[in-house]
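So this one's my_file19.cif, mmCIF, C-alpha atoms and all ligand atoms:
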```cif
data_query
#
loop_
_atom_site.label_atom_id
_atom_site.label_comp_id
_atom_site.auth_asym_id
_atom_site.auth_seq_id
_atom_site.Cartn_x
_atom_site.Cartn_y
_atom_site.Cartn_z
CA MET A 1 -33.19 -4.64 5.17
CA GLY A 2 -36.49 -6.19 4.00
CA ARG A 3 -36.12 -4.22 0.76
CA LEU A 4 -32.64 -5.56 0.19
CA ILE A 5 -33.79 -9.16 0.72
CA MET A 6 -36.73 -8.68 -1.65
CA PHE A 7 -34.42 -7.17 -4.23
CA VAL A 8 -32.01 -10.11 -4.05
CA VAL A 9 -34.95 -12.52 -4.37
CA ALA A 10 -36.19 -10.56 -7.37
CA LEU A 11 -32.75 -10.75 -8.97
CA LEU A 12 -32.75 -14.50 -8.66
CA ALA A 13 -36.08 -14.74 -10.43
CA PRO A 14 -35.73 -16.13 -13.94
CA ILE A 15 -35.06 -13.33 -16.35
CA VAL A 16 -36.15 -14.16 -19.83
CA ALA A 17 -33.95 -12.31 -22.25
CA MET A 18 -36.35 -11.07 -24.85
CA ALA A 19 -35.56 -7.44 -25.37
CA GLN A 20 -34.73 -5.85 -28.68
CA ASN A 21 -33.35 -2.69 -30.14
CA ARG A 22 -36.07 -0.10 -30.44
CA PHE A 23 -34.13 3.14 -30.57
CA PRO A 24 -33.22 3.96 -34.15
CA LYS A 25 -29.55 4.81 -34.18
CA PRO A 26 -28.88 8.50 -34.74
CA ASP A 27 -26.80 9.46 -37.73
CA PHE A 28 -23.69 10.04 -35.62
CA GLU A 29 -21.42 8.04 -33.44
CA SER A 30 -23.27 8.17 -30.13
CA GLY A 31 -20.64 6.21 -28.23
CA TYR A 32 -23.44 3.94 -27.07
CA GLU A 33 -23.49 0.19 -27.42
CA TYR A 34 -26.83 -1.13 -28.53
CA PRO A 35 -27.92 -4.40 -26.95
CA ASP A 36 -26.94 -7.43 -28.94
CA HIS A 37 -29.90 -9.74 -28.56
CA GLU A 38 -29.81 -13.45 -29.13
CA TYR A 39 -33.42 -14.04 -29.94
CA ALA A 40 -35.77 -13.44 -32.78
CA VAL A 41 -37.93 -10.34 -32.63
CA PRO A 42 -41.45 -11.61 -33.29
CA ASN A 43 -43.03 -8.23 -33.76
CA GLU A 44 -41.23 -5.00 -33.09
CA ILE A 45 -44.39 -2.89 -32.95
CA LEU A 46 -45.89 -5.29 -30.44
CA TRP A 47 -42.92 -4.75 -28.14
CA ASP A 48 -43.21 -0.98 -28.52
CA VAL A 49 -46.88 -1.17 -27.59
CA LEU A 50 -46.10 -3.45 -24.67
CA ASP A 51 -43.39 -1.08 -23.37
CA VAL A 52 -45.65 1.95 -23.47
CA THR A 53 -48.52 -0.03 -21.94
CA MET A 54 -46.22 -1.15 -19.11
CA LEU A 55 -45.06 2.41 -18.58
CA LEU A 56 -48.61 3.71 -18.41
CA ALA A 57 -49.79 0.88 -16.16
CA LEU A 58 -46.91 1.39 -13.72
CA LEU A 59 -47.42 5.16 -13.73
CA LEU A 60 -51.09 4.69 -12.87
CA ALA A 61 -50.24 2.15 -10.16
CA ALA A 62 -47.58 4.46 -8.67
CA THR A 63 -49.98 7.42 -8.74
CA TRP A 64 -52.64 5.39 -6.97
CA ALA A 65 -50.12 4.17 -4.38
CA VAL A 66 -48.82 7.68 -3.67
CA MET A 67 -52.18 9.43 -3.60
CA LYS A 68 -53.89 6.74 -1.52
CA LYS A 69 -50.76 6.19 0.61
CA ARG A 70 -50.72 2.49 -0.10
CA LYS A 71 -47.65 0.31 -0.01
CA PRO A 72 -47.16 -1.54 -3.28
CA MET A 73 -44.36 0.81 -4.37
CA ILE A 74 -41.79 -1.86 -3.67
CA TRP A 75 -43.57 -4.20 -6.10
CA ILE A 76 -43.76 -1.48 -8.71
CA SER A 77 -40.00 -1.01 -8.31
CA ILE A 78 -39.35 -4.73 -8.65
CA VAL A 79 -41.52 -5.01 -11.78
CA SER A 80 -39.80 -1.97 -13.29
CA VAL A 81 -36.28 -3.27 -12.59
CA LEU A 82 -37.14 -6.69 -13.98
CA TYR A 83 -39.03 -5.49 -17.04
CA PHE A 84 -37.42 -2.19 -18.10
CA GLY A 85 -34.05 -3.03 -16.55
CA PHE A 86 -33.17 -6.67 -17.06
CA LEU A 87 -35.70 -7.80 -19.66
CA ARG A 88 -35.53 -4.75 -21.92
CA GLU A 89 -31.87 -4.16 -21.03
CA GLY A 90 -32.48 -0.54 -20.06
CA CYS A 91 -33.02 0.49 -23.65
CA VAL A 92 -36.19 2.29 -23.84
CA CYS A 93 -35.50 4.91 -21.34
CA SER A 94 -37.17 8.16 -20.40
CA VAL A 95 -33.87 9.60 -19.16
CA GLY A 96 -32.23 9.07 -22.54
CA SER A 97 -35.30 10.21 -24.48
CA ILE A 98 -34.38 13.85 -23.78
CA GLN A 99 -31.66 13.44 -26.39
CA ASN A 100 -34.00 12.03 -29.03
CA VAL A 101 -36.42 14.89 -28.47
CA ALA A 102 -33.62 17.47 -28.73
CA LEU A 103 -32.24 15.85 -31.89
CA ALA A 104 -35.70 15.69 -33.47
CA LEU A 105 -36.08 19.44 -32.88
CA VAL A 106 -33.03 20.33 -34.97
CA ASP A 107 -32.65 17.50 -37.44
CA PRO A 108 -35.50 17.11 -39.94
CA ALA A 109 -33.87 13.91 -41.23
CA TYR A 110 -34.28 12.25 -37.84
CA SER A 111 -37.70 10.82 -37.21
CA MET A 112 -38.33 10.08 -33.59
CA PRO A 113 -40.20 6.84 -32.91
CA TRP A 114 -43.60 7.28 -31.26
CA ASN A 115 -42.68 5.08 -28.29
CA VAL A 116 -39.63 7.25 -27.48
CA LEU A 117 -41.85 10.32 -27.54
CA ALA A 118 -44.30 8.53 -25.23
CA PHE A 119 -41.46 7.67 -22.85
CA PHE A 120 -40.47 11.32 -22.79
CA LEU A 121 -43.94 12.80 -22.45
CA LEU A 122 -45.84 10.44 -20.14
CA PRO A 123 -43.65 10.98 -17.04
CA VAL A 124 -43.73 14.75 -17.71
CA VAL A 125 -47.53 14.78 -17.90
CA PHE A 126 -47.80 12.72 -14.72
CA ALA A 127 -45.29 15.03 -13.00
CA LEU A 128 -47.46 18.00 -13.93
CA LEU A 129 -50.52 16.29 -12.52
CA PHE A 130 -49.23 14.36 -9.49
CA GLY A 131 -45.51 15.05 -8.94
CA ARG A 132 -42.61 12.72 -9.68
CA VAL A 133 -44.57 9.46 -9.62
CA PHE A 134 -42.34 8.20 -12.45
CA CYS A 135 -39.33 8.46 -10.14
CA ALA A 136 -41.25 6.74 -7.34
CA GLY A 137 -40.61 3.28 -8.75
CA VAL A 138 -41.39 3.31 -12.47
CA CYS A 139 -37.95 4.41 -13.64
CA PRO A 140 -35.71 1.33 -13.44
CA MET A 141 -32.66 3.39 -12.44
CA GLY A 142 -34.46 5.02 -9.53
CA ALA A 143 -36.14 1.75 -8.61
CA LEU A 144 -32.82 -0.11 -8.54
CA GLN A 145 -31.33 2.43 -6.13
CA GLU A 146 -34.53 2.45 -4.08
CA LEU A 147 -34.53 -1.32 -3.67
CA VAL A 148 -31.02 -1.49 -2.25
CA ASN A 149 -31.50 1.48 0.09
CA VAL A 150 -31.37 0.58 3.78
CA LYS A 151 -30.32 3.76 5.55
CA SER A 152 -31.42 7.38 5.15
CA GLY A 153 -27.99 8.92 5.72
CA LYS A 154 -28.05 12.71 5.41
CA ILE A 155 -25.58 14.76 3.40
CA GLY A 156 -24.55 18.22 4.65
CA LYS A 157 -26.63 21.06 3.17
CA PRO A 158 -23.81 22.93 1.40
CA VAL A 159 -22.46 19.70 -0.12
CA ALA A 160 -25.95 18.62 -1.21
CA MET A 161 -26.52 22.04 -2.71
CA VAL A 162 -23.33 21.96 -4.77
CA LEU A 163 -23.91 18.36 -5.90
CA GLY A 164 -27.54 19.25 -6.64
CA LEU A 165 -26.32 21.54 -9.44
CA LEU A 166 -24.81 18.61 -11.33
CA PRO A 167 -28.07 17.24 -12.83
CA TRP A 168 -28.76 20.67 -14.32
CA LEU A 169 -25.27 20.98 -15.77
CA TYR A 170 -25.56 17.43 -17.06
CA LEU A 171 -28.92 18.28 -18.63
CA ILE A 172 -27.46 21.34 -20.34
CA MET A 173 -24.47 19.39 -21.69
CA THR A 174 -26.79 16.57 -22.80
CA LEU A 175 -28.85 19.06 -24.81
CA LEU A 176 -25.75 20.72 -26.21
CA TYR A 177 -24.33 17.45 -27.55
CA ALA A 178 -27.69 16.25 -28.87
CA LEU A 179 -28.59 19.56 -30.54
CA THR A 180 -25.22 19.61 -32.28
CA ARG A 181 -25.75 16.00 -33.44
CA SER A 182 -22.56 14.94 -31.68
CA ARG A 183 -23.21 12.42 -28.94
CA PHE A 184 -25.88 10.88 -26.74
CA ILE A 185 -23.93 11.24 -23.52
CA VAL A 186 -26.73 9.99 -21.26
CA CYS A 187 -26.64 6.64 -23.05
CA GLN A 188 -22.87 6.63 -23.34
CA PHE A 189 -22.36 7.14 -19.61
CA ASP A 190 -25.37 5.29 -18.23
CA PRO A 191 -23.97 3.74 -15.03
CA PHE A 192 -26.68 1.10 -14.66
CA ILE A 193 -26.72 -0.29 -18.18
CA GLY A 194 -23.87 -2.70 -17.40
CA ILE A 195 -25.78 -4.02 -14.40
CA PHE A 196 -28.97 -4.49 -16.43
CA ARG A 197 -27.05 -6.20 -19.23
CA LEU A 198 -24.82 -8.14 -16.86
CA GLY A 199 -21.67 -6.92 -18.61
CA GLY A 200 -20.24 -4.18 -20.79
CA ASP A 201 -17.84 -1.34 -20.13
CA VAL A 202 -15.94 -2.25 -16.95
CA GLU A 203 -15.45 1.33 -15.74
CA LEU A 204 -19.13 2.12 -16.08
CA LEU A 205 -20.01 -1.15 -14.40
CA ILE A 206 -17.77 -0.22 -11.46
CA PHE A 207 -19.34 3.25 -11.36
CA GLY A 208 -22.82 1.69 -11.29
CA VAL A 209 -21.86 -0.69 -8.49
CA VAL A 210 -20.30 2.17 -6.48
CA LEU A 211 -23.52 4.16 -6.90
CA LEU A 212 -25.52 1.20 -5.67
CA ILE A 213 -23.25 0.75 -2.66
CA ILE A 214 -23.72 4.45 -1.80
CA SER A 215 -27.47 3.96 -2.31
CA VAL A 216 -27.49 1.48 0.56
CA PHE A 217 -26.49 4.25 2.97
CA THR A 218 -28.18 7.30 1.49
CA GLY A 219 -31.06 7.48 -0.95
CA ARG A 220 -30.58 7.55 -4.72
CA PRO A 221 -27.28 9.33 -5.35
CA PHE A 222 -27.77 9.11 -9.12
CA CYS A 223 -31.27 10.61 -8.99
CA ARG A 224 -30.22 13.43 -6.72
CA PHE A 225 -26.84 14.35 -8.07
CA LEU A 226 -26.73 13.28 -11.71
CA CYS A 227 -29.99 12.50 -13.45
CA PRO A 228 -30.83 15.14 -16.08
CA TYR A 229 -34.38 13.87 -16.57
CA GLY A 230 -34.97 14.07 -12.81
CA ALA A 231 -33.93 17.73 -12.99
CA LEU A 232 -36.50 18.30 -15.73
CA LEU A 233 -39.22 16.45 -13.83
CA SER A 234 -38.50 18.47 -10.69
CA LEU A 235 -39.49 21.61 -12.61
CA PHE A 236 -42.89 20.19 -13.52
CA SER A 237 -43.33 18.58 -10.14
CA SER A 238 -42.84 21.89 -8.33
CA VAL A 239 -45.95 23.25 -10.08
CA SER A 240 -47.94 20.01 -10.15
CA ILE A 241 -51.70 20.18 -9.67
CA LYS A 242 -51.66 17.57 -6.90
CA LYS A 243 -48.70 17.26 -4.62
CA VAL A 244 -47.37 14.40 -2.52
CA GLU A 245 -48.90 14.97 0.90
CA LEU A 246 -47.91 13.37 4.17
CA THR A 247 -51.06 13.98 6.15
CA LYS A 248 -54.20 16.08 6.05
CA LYS A 249 -53.96 16.50 9.82
CA LYS A 250 -51.78 19.11 11.49
CA CYS A 251 -48.09 18.22 11.60
CA VAL A 252 -46.92 17.63 15.19
CA ASN A 253 -43.26 18.33 14.36
CA CYS A 254 -42.10 14.93 15.56
CA ASP A 255 -39.28 14.85 12.93
CA LEU A 256 -39.97 11.18 12.12
CA CYS A 257 -40.73 11.79 8.42
CA HIS A 258 -37.67 14.01 8.10
CA SER A 259 -35.38 11.31 9.46
CA ALA A 260 -37.04 8.65 7.30
CA CYS A 261 -36.79 10.41 3.96
CA PRO A 262 -33.83 8.81 2.18
CA ILE A 263 -33.24 11.77 -0.10
CA ASP A 264 -33.74 14.59 2.37
CA ALA A 265 -36.75 16.03 0.54
CA ILE A 266 -38.54 17.18 3.69
CA ARG A 267 -37.79 20.69 4.87
CA ALA A 268 -37.56 21.18 8.63
CA PRO A 269 -39.34 24.04 10.43
CA TYR A 270 -37.42 27.28 10.36
CA ALA A 271 -38.00 29.99 12.91
CA ASN A 272 -36.19 32.73 10.96
CA THR A 273 -35.14 34.66 14.06
CA PRO A 274 -34.16 37.39 14.32
CA GLN A 275 -36.72 38.47 11.74
CA GLU A 276 -35.20 40.37 8.85
CA GLU A 277 -36.54 43.86 8.16
CA ARG A 278 -38.72 43.79 5.04
CA ARG A 279 -36.69 46.57 3.43
CA GLU A 280 -33.45 44.66 4.05
CA GLY A 281 -34.93 41.53 2.49
CA VAL A 282 -36.02 43.41 -0.63
CA LYS A 283 -32.57 44.99 -0.89
CA ARG A 284 -30.89 41.62 -0.65
CA LEU A 285 -33.15 40.14 -3.30
CA LEU A 286 -32.46 43.04 -5.66
CA GLY A 287 -28.75 42.41 -5.19
CA TYR A 288 -29.25 38.81 -6.27
CA MET A 289 -31.30 39.94 -9.26
CA LEU A 290 -28.38 42.07 -10.44
CA PHE A 291 -26.04 39.15 -9.86
CA LEU A 292 -28.17 36.88 -12.05
CA PRO A 293 -27.49 38.50 -15.46
CA LEU A 294 -23.82 38.85 -14.51
CA LEU A 295 -23.52 35.11 -13.94
CA MET A 296 -25.44 34.39 -17.13
CA VAL A 297 -23.17 36.61 -19.24
CA THR A 298 -20.05 35.15 -17.61
CA GLY A 299 -21.29 31.62 -18.24
CA ALA A 300 -22.17 32.45 -21.84
CA LEU A 301 -18.72 33.96 -22.50
CA LEU A 302 -16.83 31.10 -20.88
CA MET A 303 -18.75 28.46 -22.78
CA ARG A 304 -18.43 30.37 -26.06
CA MET A 305 -14.68 30.42 -25.53
CA SER A 306 -14.72 26.64 -24.98
CA ALA A 307 -16.88 25.97 -28.04
CA GLU A 308 -14.02 24.97 -30.34
CA GLY A 309 -12.68 22.43 -27.84
CA LEU A 310 -16.16 21.08 -27.15
CA SER A 311 -16.85 20.71 -30.85
CA ARG A 312 -14.27 17.89 -31.02
CA ALA A 313 -17.10 15.67 -29.83
CA HIS A 314 -18.46 15.97 -33.38
CA LYS A 315 -17.15 13.37 -35.82
CA ASP A 316 -16.52 15.85 -38.66
CA VAL A 317 -14.40 18.11 -36.45
CA ARG A 318 -12.35 15.15 -35.27
CA LEU A 319 -11.96 13.88 -38.82
CA TYR A 320 -10.75 17.27 -40.04
CA ASP A 321 -8.14 17.41 -37.26
CA MET A 322 -6.97 13.89 -38.13
CA VAL A 323 -6.68 14.68 -41.84
CA VAL A 324 -4.74 17.90 -41.16
CA GLU A 325 -2.45 16.08 -38.75
CA TYR A 326 -1.90 13.26 -41.24
CA GLU A 327 -1.12 15.60 -44.10
CA ALA A 328 1.29 17.62 -41.96
CA GLN A 329 3.53 14.60 -41.41
CA THR A 330 6.70 14.60 -43.53
CA ALA A 331 7.02 10.82 -43.32
CA PRO A 332 3.40 9.67 -42.81
CA GLU A 333 2.85 6.67 -40.59
CA THR A 334 0.08 4.15 -41.20
CA MET A 335 -3.04 5.96 -42.39
CA PRO A 336 -5.82 5.88 -39.75
CA LEU A 337 -8.98 4.13 -40.95
CA GLU A 338 -11.06 7.30 -40.65
CA VAL A 339 -8.61 9.23 -42.85
CA GLU A 340 -8.58 6.39 -45.37
CA GLY A 341 -12.39 6.49 -45.45
CA PHE A 342 -12.26 10.25 -46.06
CA TYR A 343 -9.97 9.89 -49.10
CA VAL A 344 -12.08 7.04 -50.47
CA LYS A 345 -15.17 9.25 -50.40
CA GLY A 346 -13.41 11.75 -52.64
CA ILE A 347 -14.23 14.81 -50.56
CA THR A 348 -11.64 17.60 -50.65
CA VAL A 349 -9.98 18.95 -47.52
CA ASP A 350 -11.54 22.36 -48.23
CA GLU A 351 -15.00 20.83 -48.30
CA LEU A 352 -14.32 19.04 -45.03
CA LYS A 353 -13.02 22.29 -43.55
CA ALA A 354 -16.23 24.07 -44.58
CA THR A 355 -18.29 21.37 -42.83
CA ARG A 356 -16.04 21.56 -39.78
CA ASP A 357 -16.31 25.37 -39.63
CA ALA A 358 -20.11 25.15 -39.82
CA VAL A 359 -20.14 22.69 -36.93
CA VAL A 360 -17.82 24.89 -34.84
CA GLU A 361 -20.05 27.89 -35.55
CA GLU A 362 -23.09 25.90 -34.47
CA TYR A 363 -21.23 24.95 -31.31
CA ARG A 364 -20.47 28.62 -30.64
CA THR A 365 -24.17 29.46 -30.75
CA TYR A 366 -25.40 26.55 -28.65
CA SER A 367 -22.49 26.80 -26.19
CA THR A 368 -23.30 30.47 -25.59
CA TRP A 369 -26.88 29.52 -24.69
CA ALA A 370 -25.64 26.60 -22.63
CA GLY A 371 -23.29 28.87 -20.68
CA ALA A 372 -26.07 31.39 -20.04
CA ALA A 373 -28.30 28.56 -18.81
CA MET A 374 -25.52 27.35 -16.50
CA GLY A 375 -25.15 30.87 -15.10
CA LEU A 376 -28.90 31.03 -14.55
CA VAL A 377 -28.89 27.68 -12.73
CA LEU A 378 -26.06 28.82 -10.48
CA ALA A 379 -27.68 32.19 -9.74
CA LEU A 380 -31.06 30.61 -8.93
CA ALA A 381 -29.38 28.07 -6.67
CA LEU A 382 -27.60 30.87 -4.79
CA ILE A 383 -30.85 32.80 -4.43
CA ARG A 384 -32.66 29.69 -3.24
CA PHE A 385 -29.92 28.89 -0.75
CA SER A 386 -29.86 32.36 0.76
CA VAL A 387 -33.55 33.23 0.84
CA LYS A 388 -34.87 31.87 4.13
CA ARG A 389 -38.55 31.21 4.35
CA ARG A 390 -40.28 30.87 7.69
CA ARG A 391 -41.73 27.38 8.15
CA GLU A 392 -43.75 26.30 11.14
CA THR A 393 -43.94 22.57 10.36
CA TYR A 394 -42.19 19.92 8.30
CA GLU A 395 -42.95 20.31 4.60
CA ILE A 396 -42.28 18.13 1.57
CA ASP A 397 -40.27 19.87 -1.14
CA PRO A 398 -42.32 18.98 -4.26
CA ALA A 399 -39.37 19.46 -6.62
CA ALA A 400 -37.04 17.14 -4.73
CA CYS A 401 -39.57 14.54 -3.55
CA VAL A 402 -39.45 11.39 -5.67
CA ALA A 403 -42.77 10.18 -4.27
CA CYS A 404 -41.27 6.97 -2.88
CA GLY A 405 -43.78 7.01 -0.02
CA ARG A 406 -41.22 5.94 2.58
CA CYS A 407 -42.19 8.77 4.94
CA PHE A 408 -45.90 7.86 5.03
CA GLU A 409 -45.64 5.04 7.50
CA TYR A 410 -43.46 7.09 9.85
CA CYS A 411 -45.90 9.99 10.22
CA PRO A 412 -48.05 9.36 13.32
CA GLN A 413 -50.75 11.71 12.03
CA ASN A 414 -50.91 9.83 8.73
CA ARG A 415 -51.03 6.51 10.57
CA LYS A 416 -54.06 7.73 12.53
CA GLU A 417 -55.73 8.75 9.25
CA THR A 418 -54.96 5.41 7.60
CA LEU A 419 -56.28 3.50 10.62
CA LYS A 420 -59.55 5.46 10.44
CA ALA A 421 -59.85 4.73 6.71
S1 LIG B 1 -34.34 11.02 -10.98
FE1 LIG B 1 -33.83 10.13 -12.98
S2 LIG B 1 -32.94 8.14 -12.53
FE2 LIG B 1 -33.98 8.83 -10.70
S3 LIG B 1 -35.97 7.93 -10.82
FE3 LIG B 1 -36.16 9.97 -11.68
S4 LIG B 1 -35.81 9.75 -13.88
FE4 LIG B 1 -35.10 7.86 -12.90
S1 LIG B 2 -42.33 10.50 -0.49
FE1 LIG B 2 -41.52 11.13 1.50
S2 LIG B 2 -39.74 9.83 1.84
FE2 LIG B 2 -40.19 9.72 -0.36
S3 LIG B 2 -38.95 11.32 -1.28
FE3 LIG B 2 -40.94 12.23 -0.88
S4 LIG B 2 -40.69 13.19 1.13
FE4 LIG B 2 -38.99 11.74 0.91
#
```

Mind turning this structure into structure tokens?
Amino acid sequence: MGRLIMFVVALLAPIVAMAQNRFPKPDFESGYEYPDHEYAVPNEILWDVLDVTMLLALLLAATWAVMKKRKPMIWISIVSVLYFGFLREGCVCSVGSIQNVALALVDPAYSMPWNVLAFFLLPVVFALLFGRVFCAGVCPMGALQELVNVKSGKIGKPVAMVLGLLPWLYLIMTLLYALTRSRFIVCQFDPFIGIFRLGGDVELLIFGVVLLIISVFTGRPFCRFLCPYGALLSLFSSVSIKKVELTKKKCVNCDLCHSACPIDAIRAPYANTPQEERREGVKRLLGYMLFLPLLMVTGALLMRMSAEGLSRAHKDVRLYDMVVEYEAQTAPETMPLEVEGFYVKGITVDELKATRDAVVEEYRTYSTWAGAAMGLVLALALIRFSVKRRRETYEIDPAACVACGRCFEYCPQNRKETLKA
């Protein structure tokens, strides 16, 4: 409850609207509304430098707090929500930067700003070194959900497992649309942007509010079940050099940390009885290994078959369809603006068709890879769900843990350590 009160107080603090548009618009209709600022931009580069400095400073502070098991995480979250959320209107965002990076990889005409690259890379580097300290309180979306969280309601394992696939699928679709220069779907469907900008698309605003209401009862639904950047960070975090650690002392299996973790990132002890014969275990694993390519091929085929439909997200494919539809009419109605623009440019329908066919072909290639990746994600999730590992004590799952530090104060062994220090 204390968190909720602090969050409300923070919201009432004067918010000086001084953000500006730093993301260069991609050369396609991203479906994203750029913030419309009402103030003069004194020095764009200065703001870029300030943003990256803030990001680095908060990452360092969060790392210190997590590694030393100190408590200022709530203040880091408040600063992040106020600065990156309300002040900068959510528009220099690590989550969205995935798209800029993907676009820069395939489009030589697109030059990615250095600050966007920094927003993509810095959290990744920190995740490799210390785990998901960016998610701890530096990311304004995670911080916003963290601040309103009161209860650590648990979600059933099978449901959590199925929902846990969504960030990966979202990541794959995000890459597909960015690589094909079609849309920036992360920006287009950002559920918190309306809250940070105090307005905007009503449906998204409602979605954001619903997510925040759910966040009161269970930790970070967006982070756990939607965020594509969180999925990426979890990969690096699972192999990080230093990991979030509850205590150096022996775990006494009191279950307090497990109940306290709002996102269920602590794995309970597992006796694994009756013990499976080693040969049986190997056989089962081999079965899964055979299943893996099958799922990948199925995914690749299904997505390849959907490529033409998916390609309608690209403006040239939509334009071609509109022109064909318009020309097929015996008594044409009012000419749509897009079609009018096409005729004004003086391009022939054949030329447009050639462009459209090239886009569809590109979609076929990327969709095939996307489908294979989806199959891989599904197969790995099944393997992970069915392989039972014996665990004697409670253990933090480094991929899932967002380093919020909530469990620290609940662990009696950690409290003893902190008292000594
Ligand atoms: S999971 Fe995504 S939204 Fe959540 S804190 Fe991490 S980057 Fe931000
Ligand atoms: S730091 Fe603790 S409470 Fe927070 S996500 Fe990780 S395991 Fe859960």

Test item: residues no farther than 8 Å from ligand LIG 2 (chain B), counting only C-alpha atoms and all ligand atoms, as a count of residues only: 25

Proximity to His314 (chain A) - best of A:Phe86, A:Phe189, A:Phe184, A:Tyr326, all atoms listed in the file: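 Checking each candidate against His314 (chain A), we get A:Phe184 as the closest.
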
Using all atoms listed in the file: which of A:Leu165, A:Met303, A:Ala109, A:Val210 has the shortest distance to Arg364 (chain A):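 Between A:Leu165, A:Met303, A:Ala109, A:Val210, the residue approaching Arg364 (chain A) most closely is A:Met303.
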
Environment of ligand LIG 1 (chain B) within 9 Å, counting only C-alpha atoms and all ligand atoms, reported as number ranges by chain: A: 93-95, 123, 132-146, 220-234, 402

Gap from CA of Val360 (chain A) to CA of Arg181 (chain A) - Å, one decimal: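 Separating CA of Val360 (chain A) from CA of Arg181 (chain A) is a distance of 12.0 Å.
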
Separation of CA of Leu285 (chain A) from CA of Arg384 (chain A) in Å: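 Separation of CA of Arg384 (chain A) and CA of Leu285 (chain A): 10.5 Å.
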
Between CA of Val239 (chain A) and CA of Val92 (chain A), distance in Å (one decimal): 26.9 Å

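For the set A:Phe342, A:Glu327, A:Pro158, A:Glu89, the residue with the smallest atom-to-atom gap to Gly194 (chain A) is A:Glu89, counting all atoms listed in the file.
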
Size and centre in Å, one decimal, axis-aligned box, all listed region 183-197 of chain A atoms plus 6 Å per side, as AutoDock Vina command-line options:
```
--center_x -25.7 --center_y 3.1 --center_z -21.7 --size_x 18.6 --size_y 30.6 --size_z 26.5
```

Spatial neighbours of Val324 (chain A), max dist 12 Å, all atoms listed in the file, sep filter under 3 positions, as a PyMOL selection string: chain A and resi 317-321+327-329+332+339+342+348-350+352-353+356

Which of A:Ser215, A:Ile155, A:Trp168, A:Leu87 sits closest to Leu235 (chain A) [using all atoms listed in the file]: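 Result for the nearest residue to Leu235 (chain A): A:Trp168.
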
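In this comparison, which uses only C-alpha atoms, the residue of A:Ser367, A:Gln188, A:Ser240, A:Asn115 approaching Leu204 (chain A) most closely is A:Gln188.
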
Residues near Leu59 (chain A), cut-off 12 Å, all atoms listed in the file, skip fewer than 2 positions along chain, as a VMD selection string: chain A and resid 52 to 57 61 to 67 73 76 to 77 79 to 80 119 122 to 127 129 to 139 403

Nearest-residue call for Gly156 (chain A), choices A:Asn43, A:Thr218, A:Thr174, A:Ser237, using all atoms listed in the file: A:Thr218

Exercise: Gly90 (chain A) partners within 9 Å, all atoms listed in the file, chain neighbours under 4 positions left out, as a count of residues only: 11

Contact residues around Leu105 (chain A) with all atoms listed in the file at 10 Å, ignoring same-chain residues under 6 positions, as a VMD selection string: chain A and resid 99 111 to 112 178 to 179

Exercise: residues within 10 Å of coordinate (-36.9, 18.6, -26.6), counting only C-alpha atoms, as a list in words: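 Counting only C-alpha atoms, I find these residues within 10 Å of (-36.9, 18.6, -26.6): Ser97, Ile98, Gln99, Asn100, Val101, Ala102, Leu103, Ala104, Leu105, Val106, Leu117, Phe120, Leu175, Ala178 and Leu179 of chain A.
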
Would you pull region 255-261 of chain A out of the block just shown and save N, CA, C and O atoms as a tab-separated table (two decimals), in the first residue's frame?
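Just written: part25.tsv:
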```tsv
chain	number	residue	atom	x	y	z
A	255	ASP	N	9.78	-20.31	2.51
A	255	ASP	CA	8.77	-19.95	1.48
A	255	ASP	C	8.41	-18.46	1.47
A	255	ASP	O	7.60	-18.02	0.66
A	256	LEU	N	9.03	-17.67	2.37
A	256	LEU	CA	8.63	-16.25	2.44
A	256	LEU	C	8.95	-15.49	1.15
A	256	LEU	O	8.15	-14.69	0.67
A	257	CYS	N	10.14	-15.75	0.58
A	257	CYS	CA	10.52	-15.04	-0.65
A	257	CYS	C	9.59	-15.43	-1.79
A	257	CYS	O	9.15	-14.60	-2.58
A	258	HIS	N	9.26	-16.71	-1.84
A	258	HIS	CA	8.41	-17.24	-2.89
A	258	HIS	C	7.04	-16.56	-2.87
A	258	HIS	O	6.51	-16.17	-3.90
A	259	SER	N	6.50	-16.40	-1.67
A	259	SER	CA	5.18	-15.75	-1.57
A	259	SER	C	5.29	-14.27	-1.87
A	259	SER	O	4.33	-13.66	-2.34
A	260	ALA	N	6.46	-13.68	-1.60
A	260	ALA	CA	6.59	-12.23	-1.78
A	260	ALA	C	6.82	-11.83	-3.23
A	260	ALA	O	6.44	-10.73	-3.63
A	261	CYS	N	7.42	-12.70	-4.02
A	261	CYS	CA	7.77	-12.31	-5.38
A	261	CYS	C	6.51	-12.04	-6.20
A	261	CYS	O	5.69	-12.93	-6.42
```
